[in-house]
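**Q** Pasting in a structure now, in structure tokens, and then I'll have a few things to ask.
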Amino acid sequence: MFNMSYKLVQNLNTLKKLPKNYRLVEFSKLVKDATKNVTKIKKQDYLELGKIPIIDQGQEFIAGYSNDIEKNFYKNKAIIFGDHTRKFKYIDFPFYIGADGVKVLESDLKTVFPKYLYYFFQTLNIPNTGYNRHFKYLKDVKIILPPIPTQIKIAAALDKAQELIDKRKEQIQKYDDLLQSVFLDMFGDPVTNPKGWEVDILKEHLNIVGGYAFKSSLFEETGVPVIKIGTVNKGYFDVNTFSYYNEKYLDSLEKYLVVPNDLLISLTGTVGKEDYGNICRSTNEFSQYFLNQRVAKLQFNKETINDYYAEYTFKNPKFKSEIIKLSRGVRQANISNNDIYSLNISLPPLPLQSQFASIVKKVEEEKKKLETSLSELENNFNSIMQRAFKGELF
């Protein structure tokens, strides 16, 4: 009988219908924890460029570099598991690891194809227990193991599907880069203000609406979606993070309602971090949302600041760095409403801001088409993956 953590991590129904030449093998019989064999590099020692990449548990594929080739770096193919983040990375080049929360997993090449194993791990539903260790859940897994030739075919099919997804993401990123470039051409650096625009503190032009302290015990299966930190702090509006609150509270909690296209910011977590947008817009999957605590809605004075201009000011890397300077906290960065109010913002003429907003809307229309295509590609990838590990693909 499977234990509870195994039920959380794997879909038992999938395991009951495997082809005869597929096996279920315990994690410990296929995978070895090789973390102790690899030198850990402290974050303060990361270089922007260097000879040996450093892999950690963060979102970035490569976190930094080291030029110290005398230490023990890993030379073979391996899978990195973020013990805190639950993130997997497939690595096929020499590397060091970050100092915290990284597991280096190696496998017997005669029994399991590493890239196949990486994709198999992507199907797992490892529970999120916050900033805790998650490796214990991974060790409970039983790995679906077809013959090696089939593993290679499955990995190749998923590689091809992933390649299409990556290309589409690159196209979307080019649109984002274009808008940042247009912003700089029209307004200049928002921190150094080389064009000499009038400057004022945001408090004079902004109203911040903080979220309500919803009790998680009162969340329901349906209702009005609740926007949480995880909905916003990735730099896009993540509709997969919602909890739901009963519609009967709409009138009493009207202050905390969000509608599509509202500007939102996370006050906790990845505040202003380099590759996270510290601001995003709510989307139109629902007509309205509730705002949870530590997430805020930004309402700009329309007579002085166009919110599209404000959005791309906040997305600018140098402006982000100003936000980071204000953040506090050890495990998680935190900022307050007053921190945001204290920031300086350039005030170009409103017609110029409006002109930029028109450009943004046109580019966003094209970007939306690509995002729809990306969603279709991701659905196709997930379909291939599900079929592959049920033994239905080959």
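To be explicit about the labels: the chains of the structure tokens are called A, B, and onward in the order shown, and within each one the residues are counted from 1, while ligands get numbers from 1 in the order they are shown.
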Would you return as a list in words the members of segment 122-270 of chain A that DSSP assigns to strand (DSSP E) on this structure's backbone?
**A**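 After running DSSP on the backbone, segment 122-270 of chain A has strand (DSSP E) at Lys142, Ile143, Ile144, Leu145, Glu198, Val199, Asp200, Ile201, Leu206, Asn207, Ile208, Val209, Gly210, Val224, Pro225, Val226, Ile227, Ser243, Tyr244, Tyr245, Leu257, Val258, Leu263, Leu264, Ile265, Ser266, Thr268 and Gly269 of chain A.
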**Q** Where in segment 194-336 of chain A does DSSP assign alpha helix (DSSP H), given as a ChimeraX atom specification?
**A** /A:229-232,307-315,317-326
**Q** Using only C-alpha atoms, find each residue of segment 88-153 of chain A with at least one atom at most 8 Å away from an atom of segment 18-31 of chain A; report its shortest atom-to-atom pair and that distance in Å (one decimal), sort the rows by chain and rising residue number, and return the result as CSV.
**A**
residue,atom,partner,partner_atom,distance
A:Leu105,CA,A:Val31,CA,6.3
A:Glu106,CA,A:Val31,CA,5.7
A:Ser107,CA,A:Val31,CA,4.7
A:Asp108,CA,A:Leu30,CA,6.3
A:Thr111,CA,A:Leu30,CA,7.7
A:Val112,CA,A:Leu30,CA,7.5
A:Leu138,CA,A:Phe27,CA,7.8
A:Lys139,CA,A:Phe27,CA,5.7
A:Asp140,CA,A:Phe27,CA,6.8
A:Val141,CA,A:Phe27,CA,5.7
A:Lys142,CA,A:Glu26,CA,4.5
A:Ile143,CA,A:Val25,CA,5.1
A:Ile144,CA,A:Leu24,CA,4.9
A:Leu145,CA,A:Arg23,CA,5.0
A:Pro146,CA,A:Tyr22,CA,4.3
A:Pro147,CA,A:Tyr22,CA,7.0
**Q** Got time to write the residues from that selection, C-alpha atoms, as a PDB file, in the first residue's frame?
**A**
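part_19.pdb, freshly written:
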ATOM      1  CA  LEU A 105      20.836  13.591  -8.736  1.00  0.00           C
ATOM      2  CA  GLU A 106      22.676  11.087 -10.908  1.00  0.00           C
ATOM      3  CA  SER A 107      21.378   7.842 -12.376  1.00  0.00           C
ATOM      4  CA  ASP A 108      22.678   4.544 -13.734  1.00  0.00           C
ATOM      5  CA  THR A 111      19.158   1.554 -16.777  1.00  0.00           C
ATOM      6  CA  VAL A 112      17.703   5.024 -17.208  1.00  0.00           C
ATOM      7  CA  LEU A 138      10.858  12.892  -4.103  1.00  0.00           C
ATOM      8  CA  LYS A 139      12.516   9.919  -2.400  1.00  0.00           C
ATOM      9  CA  ASP A 140       9.081   8.293  -1.995  1.00  0.00           C
ATOM     10  CA  VAL A 141       8.507   8.205  -5.751  1.00  0.00           C
ATOM     11  CA  LYS A 142       8.389   5.083  -7.855  1.00  0.00           C
ATOM     12  CA  ILE A 143       9.755   5.711 -11.318  1.00  0.00           C
ATOM     13  CA  ILE A 144       7.965   4.485 -14.437  1.00  0.00           C
ATOM     14  CA  LEU A 145      10.664   2.719 -16.423  1.00  0.00           C
ATOM     15  CA  PRO A 146      10.164   1.515 -20.012  1.00  0.00           C
ATOM     16  CA  PRO A 147      13.044  -0.069 -21.976  1.00  0.00           C
TER      17      PRO A 147
END
**Q** Leaving out Ile79 of chain A and any residue of its chain fewer than 3 positions from it, which residues lie within 12 Å of it when counting only C-alpha atoms, given as a tab-separated table (two decimals) with N, CA and C atoms, in the first residue's frame?
**A**
chain	number	residue	atom	x	y	z
A	31	VAL	N	18.34	6.26	-8.54
A	31	VAL	CA	18.89	7.62	-8.41
A	31	VAL	C	19.79	7.71	-7.19
A	32	LYS	N	20.93	8.35	-7.39
A	32	LYS	CA	21.89	8.56	-6.31
A	32	LYS	C	22.03	10.05	-6.03
A	33	ASP	N	22.06	10.40	-4.75
A	33	ASP	CA	22.29	11.78	-4.34
A	33	ASP	C	23.80	12.04	-4.35
A	34	ALA	N	24.27	12.79	-5.35
A	34	ALA	CA	25.70	13.05	-5.51
A	34	ALA	C	26.09	14.46	-5.04
A	35	THR	N	25.24	15.08	-4.25
A	35	THR	CA	25.46	16.48	-3.85
A	35	THR	C	26.79	16.67	-3.14
A	55	ILE	N	25.05	26.31	-10.62
A	55	ILE	CA	23.62	25.99	-10.70
A	55	ILE	C	23.05	26.01	-9.28
A	56	ASP	N	22.00	26.78	-9.09
A	56	ASP	CA	21.34	26.76	-7.79
A	56	ASP	C	19.86	26.44	-7.97
A	57	GLN	N	19.07	26.62	-6.92
A	57	GLN	CA	17.66	26.21	-6.98
A	57	GLN	C	16.73	27.33	-7.46
A	74	TYR	N	31.06	19.08	-11.03
A	74	TYR	CA	30.41	17.87	-11.55
A	74	TYR	C	30.58	17.84	-13.06
A	76	ASN	N	29.45	15.08	-15.24
A	76	ASN	CA	28.54	14.22	-16.01
A	76	ASN	C	27.14	14.83	-16.10
A	82	GLY	N	15.70	21.54	-6.64
A	82	GLY	CA	15.66	22.59	-5.63
A	82	GLY	C	14.88	22.11	-4.42
A	87	LYS	N	12.08	22.88	-7.92
A	87	LYS	CA	12.38	23.08	-9.33
A	87	LYS	C	13.42	22.08	-9.80
A	88	PHE	N	13.21	21.50	-11.01
A	88	PHE	CA	14.15	20.57	-11.61
A	88	PHE	C	14.90	21.25	-12.75
A	89	LYS	N	16.18	20.92	-12.90
A	89	LYS	CA	16.98	21.39	-14.03
A	89	LYS	C	17.81	20.22	-14.56
A	90	TYR	N	17.85	20.09	-15.87
A	90	TYR	CA	18.68	19.07	-16.51
A	90	TYR	C	19.99	19.72	-16.94
A	91	ILE	N	21.12	19.18	-16.47
A	91	ILE	CA	22.43	19.78	-16.73
A	91	ILE	C	23.32	18.77	-17.45
A	92	ASP	N	23.88	19.18	-18.58
A	92	ASP	CA	24.75	18.28	-19.35
A	92	ASP	C	26.11	18.92	-19.62
A	93	PHE	N	26.57	19.74	-18.68
A	93	PHE	CA	27.89	20.37	-18.79
A	93	PHE	C	28.49	20.47	-17.38
A	95	PHE	N	29.67	21.76	-13.82
A	95	PHE	CA	29.07	22.83	-13.02
A	95	PHE	C	29.44	22.70	-11.54
A	97	ILE	N	27.64	23.99	-7.66
A	97	ILE	CA	26.28	24.23	-7.18
A	97	ILE	C	26.28	25.39	-6.20
A	102	VAL	N	20.29	22.66	-2.79
A	102	VAL	CA	20.49	22.03	-4.10
A	102	VAL	C	20.80	20.55	-3.92
A	103	LYS	N	20.11	19.71	-4.67
A	103	LYS	CA	20.40	18.28	-4.70
A	103	LYS	C	20.86	17.91	-6.11
A	104	VAL	N	22.00	17.23	-6.19
A	104	VAL	CA	22.53	16.75	-7.47
A	104	VAL	C	22.17	15.28	-7.60
A	105	LEU	N	21.34	14.96	-8.57
A	105	LEU	CA	20.84	13.59	-8.74
A	105	LEU	C	21.46	12.95	-9.97
A	106	GLU	N	22.11	11.82	-9.78
A	106	GLU	CA	22.68	11.09	-10.91
A	106	GLU	C	22.04	9.71	-10.98
A	107	SER	N	22.04	9.13	-12.17
A	107	SER	CA	21.38	7.84	-12.38
A	107	SER	C	22.29	6.87	-13.09
A	113	PHE	N	17.73	6.65	-18.99
A	113	PHE	CA	18.24	7.76	-19.80
A	113	PHE	C	18.00	9.05	-19.03
A	114	PRO	N	19.03	9.84	-18.72
A	114	PRO	CA	18.87	11.00	-17.82
A	114	PRO	C	17.79	11.99	-18.26
A	115	LYS	N	17.72	12.27	-19.56
A	115	LYS	CA	16.72	13.26	-20.01
A	115	LYS	C	15.30	12.71	-19.84
A	116	TYR	N	15.14	11.41	-20.01
A	116	TYR	CA	13.84	10.78	-19.75
A	116	TYR	C	13.47	10.97	-18.29
A	117	LEU	N	14.44	10.75	-17.40
A	117	LEU	CA	14.18	10.88	-15.97
A	117	LEU	C	13.80	12.31	-15.61
A	118	TYR	N	14.47	13.27	-16.24
A	118	TYR	CA	14.16	14.69	-16.01
A	118	TYR	C	12.70	14.98	-16.36
A	119	TYR	N	12.26	14.50	-17.53
A	119	TYR	CA	10.88	14.75	-17.93
A	119	TYR	C	9.89	14.01	-17.04
A	120	PHE	N	10.26	12.81	-16.60
A	120	PHE	CA	9.39	12.07	-15.69
A	120	PHE	C	9.17	12.86	-14.40
A	121	PHE	N	10.24	13.45	-13.89
A	121	PHE	CA	10.12	14.24	-12.66
A	121	PHE	C	9.17	15.43	-12.85
A	122	GLN	N	9.06	15.93	-14.09
A	122	GLN	CA	8.16	17.06	-14.34
A	122	GLN	C	6.69	16.69	-14.12
**Q** Env of segment 226-235 of chain A: 8 Å cut, atoms = only C-alpha atoms, seq-sep filter 6 positions within chain, self excluded. Answer as a list in words.
**A**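 Returned residues: Thr241, Phe242, Ser243, Tyr244, Tyr245, Leu264, Ile265, Ser266, Leu267, Thr268, Gly269, Thr270, Val271, Tyr276, Gly277, Asn278, Ile279, Cys280, Tyr289, Phe290, Leu291, Asn292, Gln293, Arg294 and Val295 of chain A.
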**Q** Could you save those same residues with N, CA and C atoms as an mmCIF file, in the first residue's frame?
**A**
data_model
loop_
_atom_site.group_PDB
_atom_site.id
_atom_site.type_symbol
_atom_site.label_atom_id
_atom_site.label_comp_id
_atom_site.auth_asym_id
_atom_site.auth_seq_id
_atom_site.Cartn_x
_atom_site.Cartn_y
_atom_site.Cartn_z
ATOM 1 N N THR A 241 -2.976 30.048 -9.433
ATOM 2 C CA THR A 241 -2.688 30.188 -7.997
ATOM 3 C C THR A 241 -3.901 30.562 -7.167
ATOM 4 N N PHE A 242 -5.058 30.682 -7.803
ATOM 5 C CA PHE A 242 -6.222 31.216 -7.105
ATOM 6 C C PHE A 242 -6.734 30.306 -5.988
ATOM 7 N N SER A 243 -7.227 30.951 -4.933
ATOM 8 C CA SER A 243 -8.194 30.356 -4.017
ATOM 9 C C SER A 243 -9.497 31.125 -4.268
ATOM 10 N N TYR A 244 -10.584 30.688 -3.654
ATOM 11 C CA TYR A 244 -11.883 31.304 -3.960
ATOM 12 C C TYR A 244 -12.626 31.655 -2.671
ATOM 13 N N TYR A 245 -13.348 32.778 -2.734
ATOM 14 C CA TYR A 245 -14.098 33.270 -1.579
ATOM 15 C C TYR A 245 -15.551 33.468 -1.989
ATOM 16 N N LEU A 264 -1.052 45.639 -10.327
ATOM 17 C CA LEU A 264 -0.848 44.997 -9.034
ATOM 18 C C LEU A 264 0.632 44.853 -8.736
ATOM 19 N N ILE A 265 0.961 44.837 -7.455
ATOM 20 C CA ILE A 265 2.348 44.641 -7.043
ATOM 21 C C ILE A 265 2.379 43.741 -5.807
ATOM 22 N N SER A 266 3.365 42.863 -5.753
ATOM 23 C CA SER A 266 3.572 42.039 -4.572
ATOM 24 C C SER A 266 4.454 42.794 -3.592
ATOM 25 N N LEU A 267 4.050 42.821 -2.333
ATOM 26 C CA LEU A 267 4.827 43.502 -1.301
ATOM 27 C C LEU A 267 5.729 42.545 -0.533
ATOM 28 N N THR A 268 5.635 41.268 -0.850
ATOM 29 C CA THR A 268 6.439 40.242 -0.195
ATOM 30 C C THR A 268 6.912 39.242 -1.236
ATOM 31 N N GLY A 269 8.128 38.742 -1.050
ATOM 32 C CA GLY A 269 8.639 37.711 -1.951
ATOM 33 C C GLY A 269 9.671 38.264 -2.892
ATOM 34 N N THR A 270 9.444 38.092 -4.198
ATOM 35 C CA THR A 270 10.442 38.497 -5.196
ATOM 36 C C THR A 270 10.301 39.981 -5.528
ATOM 37 N N VAL A 271 10.443 40.804 -4.516
ATOM 38 C CA VAL A 271 10.231 42.243 -4.665
ATOM 39 C C VAL A 271 11.325 42.859 -5.527
ATOM 40 N N TYR A 276 12.141 39.102 -12.418
ATOM 41 C CA TYR A 276 10.727 39.076 -12.111
ATOM 42 C C TYR A 276 10.175 40.469 -12.333
ATOM 43 N N GLY A 277 9.035 40.546 -13.009
ATOM 44 C CA GLY A 277 8.402 41.854 -13.067
ATOM 45 C C GLY A 277 7.810 42.131 -11.702
ATOM 46 N N ASN A 278 8.164 43.247 -11.094
ATOM 47 C CA ASN A 278 7.624 43.545 -9.777
ATOM 48 C C ASN A 278 6.202 44.102 -9.862
ATOM 49 N N ILE A 279 5.676 44.145 -11.077
ATOM 50 C CA ILE A 279 4.327 44.685 -11.285
ATOM 51 C C ILE A 279 3.684 43.919 -12.438
ATOM 52 N N CYS A 280 2.370 43.702 -12.367
ATOM 53 C CA CYS A 280 1.675 43.056 -13.486
ATOM 54 C C CYS A 280 0.219 43.505 -13.488
ATOM 55 N N TYR A 289 -11.975 40.147 -8.917
ATOM 56 C CA TYR A 289 -11.155 39.345 -8.016
ATOM 57 C C TYR A 289 -11.105 40.026 -6.655
ATOM 58 N N PHE A 290 -10.822 39.249 -5.611
ATOM 59 C CA PHE A 290 -10.506 39.819 -4.309
ATOM 60 C C PHE A 290 -8.991 39.928 -4.181
ATOM 61 N N LEU A 291 -8.542 40.921 -3.416
ATOM 62 C CA LEU A 291 -7.124 41.171 -3.212
ATOM 63 C C LEU A 291 -6.719 40.698 -1.818
ATOM 64 N N ASN A 292 -5.785 39.754 -1.763
ATOM 65 C CA ASN A 292 -5.324 39.225 -0.475
ATOM 66 C C ASN A 292 -4.242 40.132 0.115
ATOM 67 N N GLN A 293 -3.937 39.934 1.397
ATOM 68 C CA GLN A 293 -2.914 40.732 2.059
ATOM 69 C C GLN A 293 -1.546 40.526 1.415
ATOM 70 N N ARG A 294 -0.695 41.560 1.521
ATOM 71 C CA ARG A 294 0.657 41.603 0.974
ATOM 72 C C ARG A 294 0.685 41.661 -0.549
ATOM 73 N N VAL A 295 -0.487 41.911 -1.143
ATOM 74 C CA VAL A 295 -0.579 42.272 -2.554
ATOM 75 C C VAL A 295 -1.325 43.599 -2.598
#
**Q** Return the single residue from A:Tyr308, A:Gly210, A:Ser354, A:Ser287 that is closest to Ser336 of chain A, with distances computed using only C-alpha atoms.
**A**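 That would be A:Gly210, the residue with the smallest distance to Ser336 of chain A.
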**Q** Excluding Pro194 of chain A and any residue of its chain fewer than 6 positions from it, enumerate the residues within 12 Å of it, using only C-alpha atoms, and give them as a list in words.
**A**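 These residues fall inside the cut-off: Leu184, Asp185, Met186, Phe187, Gly188, Ser346 and Pro348 of chain A.
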**Q** Would you kindly return, as a PyMOL selection string, each protein, DNA or RNA residue with an atom no farther than 7 Å from any atom of Val363 of chain A, considering only C-alpha atoms and excluding same-chain residues fewer than 4 positions away?
**A** chain A and resi 175+359+367
**Q** When you count only C-alpha atoms, which of these residues is closest to Ile345 of chain A: A:Lys361, A:Lys369, A:His205, A:Lys136?
**A**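 Distance minimum relative to Ile345 of chain A lands on A:His205.
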